Amino acid sequence: MIRLEKRKEPSRIWRIANPFLAVALTMIAGGLMFAALGKDPLVAIRLIFFDPLFSETFASYSRPQLLIKAAPLILIGVGLAIGFKANIWNIGAEGQYIIGALFGAGVALAFFPAPGWYIFPLMILAGAFGGFLWAMIPAILKTRFNTNEILVSLLLVYVAERILAAMALGLMRNPDQPGFPGSRDLRRYEAAHNAELIANTGMHWGGVAAMIAVIFAYVMMTRHMLGFHVKLAGQAPRAARFGGVSPARLVVICLGISGALAGLAGMFEVSGPGGQVRIEFATGYGFTAIIVAFLGRLNPLGVVLAGLLLGLTYIGGELAQMILQIPGAAIQVFQGMLLFFLLALDFQTNYRIRLTRGAAA
Amino acid sequence: MTRTTLLKVEGLSKSYPGVRANDDVSFRIAEGQIHALLGENGAGKSTLVKMIYGLVRPDAGRMELRGQSFAPGQPSEARKSGVAMVFQHFSLFDALDVAENVALGMENPPPPRDLARRIRTVSEEYGLPLDPSRLVGELSAGERQRVEIVRCLLQDPKLLIMDEPTSVLTPQEVDILFRTLRKLAAEGTAILYISHKLEEIRALCDEATILRDGKKIATCDPRERTAREMAELMVGELLTPPERPARPRGDVVLAVEKLSLKSANPFGTSLKEISFQLHAGEVLGIAGVAGNGQDELLLMLSGELRAPRNQVRLRGQPVGHLGPTGRRGLGVVAAPEERLGHAAAPDMSLTENALLSAARRKGLEQGGFIDWARTEAFARQIIARFDVRTPGPHVLARALSGGNLQKFVIGREIELDPDVIVVNQPTWGVDASAAATIRQALLDLAGKGAGVLVISQDLDELLEVADSFAALNEGRLTRVRSARGLTVEEIGLMMGGSGDMQVAHEAAE
């Protein structure tokens, strides 16, 4: 008979080991999946995790891609991690990312073709504000009417996608090329272009913003009362109220921070690697960032490592798709498995599994 | 009178990591006997009855039930053999009615209509009135206990185990319960009665087994011993009652006027027209059976429930609209009943828990930034001054025993140097020496001129510390009267809600 025993204290060893174990298990289960698809599992795993960084043929292209993919994941993930610590579940970062991109692009398109140093900073503010605004919808509905922020924020992703499509086809469509859906290419508008800062590194302003956000989040969570209140509200809501934490205020702060950071990520993407407002602009960073937050143990520094790893699976996935003709969905399954294994393994952080001799009554 | 032995316990031992919960315990219970199991918190009473009820397996020793070997692997086996248990904490569902709750606890519940009839019969026969169709959420604590007892009686037990049954009852309800238990005993059911209230045991029980530190200390006839003798056996030392130097009563520090407030909890009790005044240097005791508005009263005073601005005043200044942080800033602190999860966060260290309520008042944060070194020093200070037994401030709150955590929580609030302190059940589940420390600390604080408000269900405790006295009943507070010369019977009447006339009469003294 298998018995579960609650541990007196959560196991520290498992807490740290589980993300690594989850990655290993994902490789094994993913390998089995690739084998079932008729591909050589070892080649596929090497293509996903190794070749993007070290292969002579691909690395020159894909190495810079790592930061390009990881920057939005880290930026969004670090904000989500703060909310998750407080048990405030923003599942709709993808929507906030889209709206942030639209606000940022909107500012750029409004100024086009004027030059000016102030345009890019304005876009940054607008992007953060857009994401913040979109996150305030679930926040206010929750504090006023006690709705569930998980559902509201998630469903608002689909609303945001509709707005994105409408913008790409309507208001923001490039007037010089009316035959094509999509806005002007912001990479060709110097005042609005989020260019690579150091050639061939993939480092753009989004990466800088992600580093700043990580440092701020780390300081807030370890040294500031706000971080203490976030942890308190997540672990013991009644003790938090006793300590003077206002639950409504915390909901607004947590959703606001994660929304603004997601909006920033969207803005840096649309003005840089993405380039223009297109229907297919959103590629799921907002959802993958949920995995990043958990895999990083909701710790800002952990989020950096997890963001890099999941960034790698994006690039490696594309590579595997190109070379082995593995379907694109397989890589999403791969990412999903990672979260699945992590959550399953986390069970043993709090519980001990005991095998006992069956005592059938 | 010689009676046949029902249950024989021989050499039972049980160890947990770091603790020897039971060490070679032996005793016998005869049929129809009311047998007390007496001991302090942590003496091993719970472990012992859990072994008899099949919840815990002994490491060594054996039991015999009516001469047959008895080793229940789980509670259902114990119930089959005729052993039933009423727990201290009820396992009832608020949203279900009485009959449904009873059915959930039975192996083979009869059809609902039969069950309702049987519940009525049994409850009337034993003097425990209970309507099977009422929602449990609407019942008082005493009535909930009846549901648990009736659930056991329907199984026709040979041995009924009761774990601290009177802690939630008024004195009058205790009388009803005792009558029921005596009737059961007269019919041949043995009762194993767990308690640390000595007078109760002297009034009810035929025999008492006393445990200390997991070992059996003595078996005696409680009616032949004085309460003092039994207390000494139980504690193993002489206890000194707290000192109460006479102190002058100062000005009014806290005044609540005609305050009505709705409970945030659908099964909670709303406060109705509460009025009282608390003076500097005064200890005001508030009695009442659990669930009569104690939680709401504490939340209202701590600021977790906001009140209308002018109806709560601190030294004349309106504070009703302020939250916990604002009130603490002005000198009103509180220690709620539930230590783990309310007064302290279970999975946080003592250092973090020290920060919980002391951040602002102790200057542990500046501009929102936490000074962890000072916070840790503050936690160490509480641990040292209030004799909290723990390896250090890095330990998680939930790793502490109830008594130690309570000393930490009360100590933290006292260290804030408050003008008013409100505590709910300050010594609930705390061993006698820790309880004495806590009571003394509260009296010392009053001696320094603070107003102390103690909400408690333990009347002995209130009589020991309080200068003045009031009772909560269904969210209403009786008038405050002097505690001098007050008897337990008078308090019982106040708690039952019928004491007001008498109080009015005595207020004229």
# chains A, B, ... in the order shown; residues from 1 in each chain; ligands from 1
>>> closest_atom_pairs(of="chain A", to="chain B", cutoff="6 Å", atoms="only C-alpha atoms", output="Markdown table")
| residue | atom | partner | partner_atom | distance |
| --- | --- | --- | --- | --- |
| A:Arg223 | CA | B:Ile370 | CA | 5.3 |
| A:His224 | CA | B:Phe369 | CA | 4.4 |
| A:Met225 | CA | B:Gly368 | CA | 5.2 |
| A:Ala236 | CA | B:Gly341 | CA | 5.5 |
| A:Arg238 | CA | B:His342 | CA | 5.0 |
| A:Ala239 | CA | B:His342 | CA | 4.1 |
| A:Gly243 | CA | B:Ser357 | CA | 5.2 |
| A:Gly244 | CA | B:Pro324 | CA | 5.0 |
>>> select_by_dssp(residues="range 246-390 of chain B", states="helix (DSSP H, G or I)", output="number ranges by chain")
B: 294-302, 309-311, 324-330, 350-358, 372-385
>>> closest_residue(among="A:Ser55, A:Asn18, A:Ser153, A:Ser62", to="Glu318 in chain A", atoms="only C-alpha atoms")
A:Ser62
>>> residues_around(residues="Gly402 in chain B", least_positions_apart="6", cutoff="10 Å", atoms="only C-alpha atoms", output="compact mmCIF listing (two decimals) with N, CA and C atoms, in the first residue's frame")
# COMPACT_ATOMS: atom_id res chain seq x y z
N ASN B 41 -1.51 19.37 28.92
CA ASN B 41 -1.32 19.26 27.49
C ASN B 41 0.06 18.70 27.23
N GLY B 42 0.11 17.70 26.36
CA GLY B 42 1.40 17.11 26.06
C GLY B 42 1.76 15.96 26.98
N ARG B 339 -3.74 30.74 16.68
CA ARG B 339 -2.33 31.14 16.62
C ARG B 339 -1.77 30.91 15.23
N LEU B 340 -1.97 29.69 14.72
CA LEU B 340 -1.38 29.34 13.44
C LEU B 340 -2.32 29.76 12.32
N PHE B 408 5.11 33.29 22.28
CA PHE B 408 5.76 34.17 21.29
C PHE B 408 4.79 35.24 20.81
N THR B 427 -4.77 31.27 26.75
CA THR B 427 -4.08 30.06 27.22
C THR B 427 -4.74 28.79 26.73
N TRP B 428 -5.50 28.88 25.64
CA TRP B 428 -6.16 27.71 25.06
C TRP B 428 -5.12 26.69 24.62
N GLY B 429 -5.21 25.48 25.14
CA GLY B 429 -4.28 24.43 24.73
C GLY B 429 -2.85 24.67 25.15
N VAL B 430 -2.66 25.46 26.21
CA VAL B 430 -1.32 25.79 26.65
C VAL B 430 -1.07 25.10 27.99
N ASP B 431 0.11 24.57 28.23
CA ASP B 431 0.32 23.86 29.50
C ASP B 431 0.34 24.84 30.67
N ALA B 434 3.17 27.51 31.11
CA ALA B 434 3.12 28.56 30.09
C ALA B 434 1.91 29.46 30.33
>>> residues_around(residues="Phe49 in chain A", least_positions_apart="5", cutoff="10 Å", atoms="only C-alpha atoms", output="ChimeraX atom specification")
/A:27,44,54,309-310,312-317
>>> write_last_selection(atoms="N, CA and C atoms", output="short mmCIF file (atom, residue, chain, number, x, y, z; two decimals), in the first residue's frame")
data_model
loop_
_atom_site.label_atom_id
_atom_site.label_comp_id
_atom_site.auth_asym_id
_atom_site.auth_seq_id
_atom_site.Cartn_x
_atom_site.Cartn_y
_atom_site.Cartn_z
N MET A 27 12.99 15.35 -21.02
CA MET A 27 13.83 14.86 -22.12
C MET A 27 13.52 13.40 -22.42
N ALA A 44 16.96 14.41 -31.99
CA ALA A 44 15.99 15.47 -31.71
C ALA A 44 16.36 16.24 -30.45
N PHE A 54 25.79 25.33 -29.72
CA PHE A 54 27.15 24.84 -29.94
C PHE A 54 27.43 24.31 -31.34
N LEU A 309 16.23 28.69 -20.46
CA LEU A 309 15.97 27.31 -20.87
C LEU A 309 14.79 27.22 -21.82
N LEU A 310 13.70 27.91 -21.47
CA LEU A 310 12.53 27.83 -22.34
C LEU A 310 12.75 28.59 -23.63
N LEU A 312 15.51 28.53 -25.11
CA LEU A 312 16.24 27.53 -25.88
C LEU A 312 15.29 26.54 -26.55
N THR A 313 14.25 26.11 -25.84
CA THR A 313 13.32 25.15 -26.45
C THR A 313 12.59 25.78 -27.63
N TYR A 314 12.38 27.09 -27.59
CA TYR A 314 11.77 27.77 -28.76
C TYR A 314 12.67 27.63 -29.98
N ILE A 315 13.94 28.00 -29.80
CA ILE A 315 14.87 27.99 -30.93
C ILE A 315 15.14 26.56 -31.38
N GLY A 316 15.43 25.70 -30.39
CA GLY A 316 15.69 24.31 -30.72
C GLY A 316 14.49 23.67 -31.40
N GLY A 317 13.31 24.06 -30.94
CA GLY A 317 12.10 23.52 -31.54
C GLY A 317 11.99 23.90 -33.01
#
>>> residues_around(residues="range 6-16 of chain A", least_positions_apart="2", cutoff="7 Å", atoms="only C-alpha atoms", output="list in words")
Leu4, Asn18, Pro19, Thr349, Asn350, Tyr351 and Arg352 of chain A
>>> residues_around(residues="Glu40 in chain B", least_positions_apart="6", cutoff="10 Å", atoms="only C-alpha atoms", output="list of chain:residue names")
B:Ser195, B:His196, B:Lys197, B:Ile210, B:Leu211, B:Arg212, B:Asp213, B:Ala231, B:Met234, B:Val235, B:Gly429, B:Val430, B:Asp431, B:Ala432, B:Ser433
>>> residues_around(residues="Asn146 in chain A", least_positions_apart="5", cutoff="12 Å", atoms="only C-alpha atoms", output="list in words")
Pro138, Ala139, Ile140, Leu141, Leu151, Val152, Pro247, Ala248 and Val251 of chain A
>>> atom_distance(atom1="CA of Ala36 in chain B", atom2="CA of Ala21 in chain B")
18.4 Å
>>> closest_residue(among="B:Gly142, B:Pro393, B:Gly39, B:Pro111", to="Lys216 in chain B", atoms="only C-alpha atoms")
B:Gly39
